[in-house]
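Undergrad: Once you've had a glance at the structure underneath, I'll fire off some questions.
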Amino acid sequence: MKEFFGFGGYQRTPEGYMSWQHLVFVTSLMAVMALLAVFFGRRNRDKSEKTKNRVLIVAAILIDSFELFKIVLCCFRAGDPLNWLMNLPLFLCSIQLITIPLAAFSHGRAKEAALDFVFIFGLLGALAGTYGAGQNYACYPVLSFDNVVSGVTHSISGFCALYIPIARMASMKKKNMPITFAILSFFCAAAYIADILIPYNYMFMIRGDGTPYDILYNLVGGSPVLYPVGVVALFLIYIALFYWVYYLVARRKKKV
């Protein structure tokens, strides 16, 4: 247990990013995530909004509980109560720690926008935070507290992103699109400020850290201006493309 939780540092040699152990572990998580989303989504599809929402409430409680436990243990393990500064919800994936509870517990337009945000970014975050998490799997053993909790929380995000459309909870109204842009822009700005003040690398706004962001970082030669601007631009382009594909598919379904 001491080794699993990393007290005194992990003694095992990390299996490595994209090792078969890494791929088997995250693929297993993604398979369970998808199966549960399909099961609960199809079961609740024609039920009341209250029944559909119960699943999101459980998911919201679980994802924040896991994350809070991780923060407390990391602070205790590091012997530094300020270690929580390195665990702020300022990564693209960790924004779901706020938007999933918002989708579960809010009402009206705020709920619609939160549901859409989780739908748009949840699966992307799940895949990026498992298959693309080079910064984690290169540093920690696959079956370690850091990677297991990260894998579980990212899987919950992906589960919600799949469950929402399957259960027919996504609105994807055009009037809510500015709110989606605003949510992301706020977190990008907060992440960049935190990166400068702490300093850290939230939202990978400073460097790629072994993730696919390294492609952009190398493309702009590590420019401290072009790189963060490019990261934000990619996020905004992704939102626009997601809406475009969604409406394209929706129109074709109507014709059929």
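If you're wondering about the labels, chains in the structure tokens are A, B, ... by order shown, residues count from 1 in each chain, ligands from 1 in order shown.
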Residues near region 30-44 of chain A, anyone? I mean within 8 Å using only C-alpha atoms, not counting same-chain ones fewer than 6 positions away, as a PyMOL selection string.
TA: chain A and resi 51-52+55+155-156+158-160+162-167
Undergrad: Would you kindly return, as a list in words, each protein, DNA or RNA residue with an atom no farther than 10 Å from any atom of Met86 (chain A), considering only C-alpha atoms and excluding same-chain residues fewer than 5 positions away?
TA: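 Skipping anything fewer than 5 positions along the chain leaves Ile71, Cys74, Cys75, Ala194, Asp195, Ile198, Pro199, Tyr200, Asn201 and Tyr202 of chain A.
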Undergrad: Would you export the selected residues with N, CA and C atoms as a PDB file, in the first residue's frame, please?
TA:
ATOM      1  N   ILE A  71      -5.794  15.382  -3.853  1.00  0.00           N
ATOM      2  CA  ILE A  71      -5.153  16.620  -3.414  1.00  0.00           C
ATOM      3  C   ILE A  71      -4.693  16.509  -1.966  1.00  0.00           C
ATOM      4  N   CYS A  74      -1.740  14.092  -1.772  1.00  0.00           N
ATOM      5  CA  CYS A  74      -0.530  14.680  -2.360  1.00  0.00           C
ATOM      6  C   CYS A  74       0.091  15.713  -1.421  1.00  0.00           C
ATOM      7  N   CYS A  75      -0.749  16.507  -0.761  1.00  0.00           N
ATOM      8  CA  CYS A  75      -0.240  17.482   0.209  1.00  0.00           C
ATOM      9  C   CYS A  75       0.426  16.768   1.381  1.00  0.00           C
ATOM     10  N   ALA A 194      -1.945  31.593 -13.514  1.00  0.00           N
ATOM     11  CA  ALA A 194      -1.384  30.669 -12.522  1.00  0.00           C
ATOM     12  C   ALA A 194      -0.010  30.167 -12.953  1.00  0.00           C
ATOM     13  N   ASP A 195       0.142  29.911 -14.251  1.00  0.00           N
ATOM     14  CA  ASP A 195       1.434  29.437 -14.763  1.00  0.00           C
ATOM     15  C   ASP A 195       2.536  30.463 -14.522  1.00  0.00           C
ATOM     16  N   ILE A 198       2.772  30.894 -10.151  1.00  0.00           N
ATOM     17  CA  ILE A 198       3.153  29.802  -9.245  1.00  0.00           C
ATOM     18  C   ILE A 198       4.649  29.459  -9.276  1.00  0.00           C
ATOM     19  N   PRO A 199       5.330  29.215 -10.379  1.00  0.00           N
ATOM     20  CA  PRO A 199       4.871  28.937 -11.745  1.00  0.00           C
ATOM     21  C   PRO A 199       4.556  27.442 -11.910  1.00  0.00           C
ATOM     22  N   TYR A 200       3.779  27.151 -12.976  1.00  0.00           N
ATOM     23  CA  TYR A 200       3.420  25.762 -13.258  1.00  0.00           C
ATOM     24  C   TYR A 200       3.173  25.651 -14.756  1.00  0.00           C
ATOM     25  N   ASN A 201       2.463  24.614 -15.179  1.00  0.00           N
ATOM     26  CA  ASN A 201       2.198  24.450 -16.602  1.00  0.00           C
ATOM     27  C   ASN A 201       0.756  24.012 -16.822  1.00  0.00           C
ATOM     28  N   TYR A 202      -0.176  24.711 -16.165  1.00  0.00           N
ATOM     29  CA  TYR A 202      -1.585  24.396 -16.343  1.00  0.00           C
ATOM     30  C   TYR A 202      -2.010  24.619 -17.787  1.00  0.00           C
TER      31      TYR A 202
END
Undergrad: Which residues are near Ala170 (chain A)? Cut-off 10 Å, only C-alpha atoms, ignore same chain within fewer than 2 positions. Put them as a PDB file with C-alpha atoms, in the first residue's frame.
TA:
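Output (part_5.pdb):
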ATOM      1  CA  LYS A 111     -27.347  23.661 -17.030  1.00  0.00           C
ATOM      2  CA  GLU A 112     -27.727  23.509 -20.810  1.00  0.00           C
ATOM      3  CA  ALA A 113     -24.369  25.205 -21.365  1.00  0.00           C
ATOM      4  CA  ALA A 114     -22.640  22.952 -18.821  1.00  0.00           C
ATOM      5  CA  LEU A 115     -24.120  19.805 -20.402  1.00  0.00           C
ATOM      6  CA  ASP A 116     -22.921  20.955 -23.815  1.00  0.00           C
ATOM      7  CA  PHE A 117     -19.444  21.762 -22.486  1.00  0.00           C
ATOM      8  CA  VAL A 118     -19.096  18.301 -20.947  1.00  0.00           C
ATOM      9  CA  PHE A 119     -20.391  16.749 -24.169  1.00  0.00           C
ATOM     10  CA  ILE A 120     -17.885  18.706 -26.261  1.00  0.00           C
ATOM     11  CA  ALA A 161     -19.606  13.046 -22.408  1.00  0.00           C
ATOM     12  CA  TYR A 163     -23.958   9.473 -21.502  1.00  0.00           C
ATOM     13  CA  ILE A 164     -25.283  12.992 -22.158  1.00  0.00           C
ATOM     14  CA  PRO A 165     -26.017  12.523 -25.900  1.00  0.00           C
ATOM     15  CA  ILE A 166     -27.097   8.884 -25.533  1.00  0.00           C
ATOM     16  CA  ALA A 167     -29.591   9.879 -22.822  1.00  0.00           C
ATOM     17  CA  ARG A 168     -30.666  12.829 -25.021  1.00  0.00           C
ATOM     18  CA  MET A 172     -26.341  22.149 -28.377  1.00  0.00           C
ATOM     19  CA  LYS A 173     -28.337  25.352 -28.872  1.00  0.00           C
TER      20      LYS A 173
END
Undergrad: Counting only C-alpha atoms, which of A:Leu236, A:Val225, A:Ser171, A:Asn136 gets nearest to Asp209 (chain A)?
TA: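 Checking each candidate against Asp209 (chain A), we get A:Asn136 as the closest.
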Undergrad: Using only C-alpha atoms, which of the listed residues (A:Leu23, A:Cys188, A:Val231, A:Met203) sits closest to Cys93 (chain A)?
TA: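 Nearest candidate to Cys93 (chain A) out of A:Leu23, A:Cys188, A:Val231, A:Met203: A:Met203.
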Undergrad: Nearest to Leu123 (chain A) among A:Ala250, A:Ile206, A:Ala60, A:Leu92, with distances taken over only C-alpha atoms: which residue is it?
TA: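 Smallest distance to Leu123 (chain A) is found for A:Leu92.
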Undergrad: In terms of the shortest atom-to-atom distance over only C-alpha atoms, which of A:His107, A:Leu68, A:Val24, A:Phe4 is closest to Lys50 (chain A)?
TA: A:His107
Undergrad: Using only C-alpha atoms, which protein or nucleic acid residues come within 7 Å of Val26 (chain A)? Drop anything in the same chain fewer than 5 positions from it, and give the result as an mmCIF file with N, CA and C atoms, in the first residue's frame.
TA:
data_model
loop_
_atom_site.group_PDB
_atom_site.id
_atom_site.type_symbol
_atom_site.label_atom_id
_atom_site.label_comp_id
_atom_site.auth_asym_id
_atom_site.auth_seq_id
_atom_site.Cartn_x
_atom_site.Cartn_y
_atom_site.Cartn_z
ATOM 1 N N THR A 130 -5.518 9.943 -20.878
ATOM 2 C CA THR A 130 -5.156 8.534 -20.704
ATOM 3 C C THR A 130 -4.134 8.113 -21.763
ATOM 4 N N TYR A 131 -4.557 8.089 -23.015
ATOM 5 C CA TYR A 131 -3.623 7.712 -24.083
ATOM 6 C C TYR A 131 -2.550 8.775 -24.311
ATOM 7 N N GLY A 151 -6.620 8.160 -14.178
ATOM 8 C CA GLY A 151 -7.363 7.363 -15.147
ATOM 9 C C GLY A 151 -8.848 7.299 -14.829
#
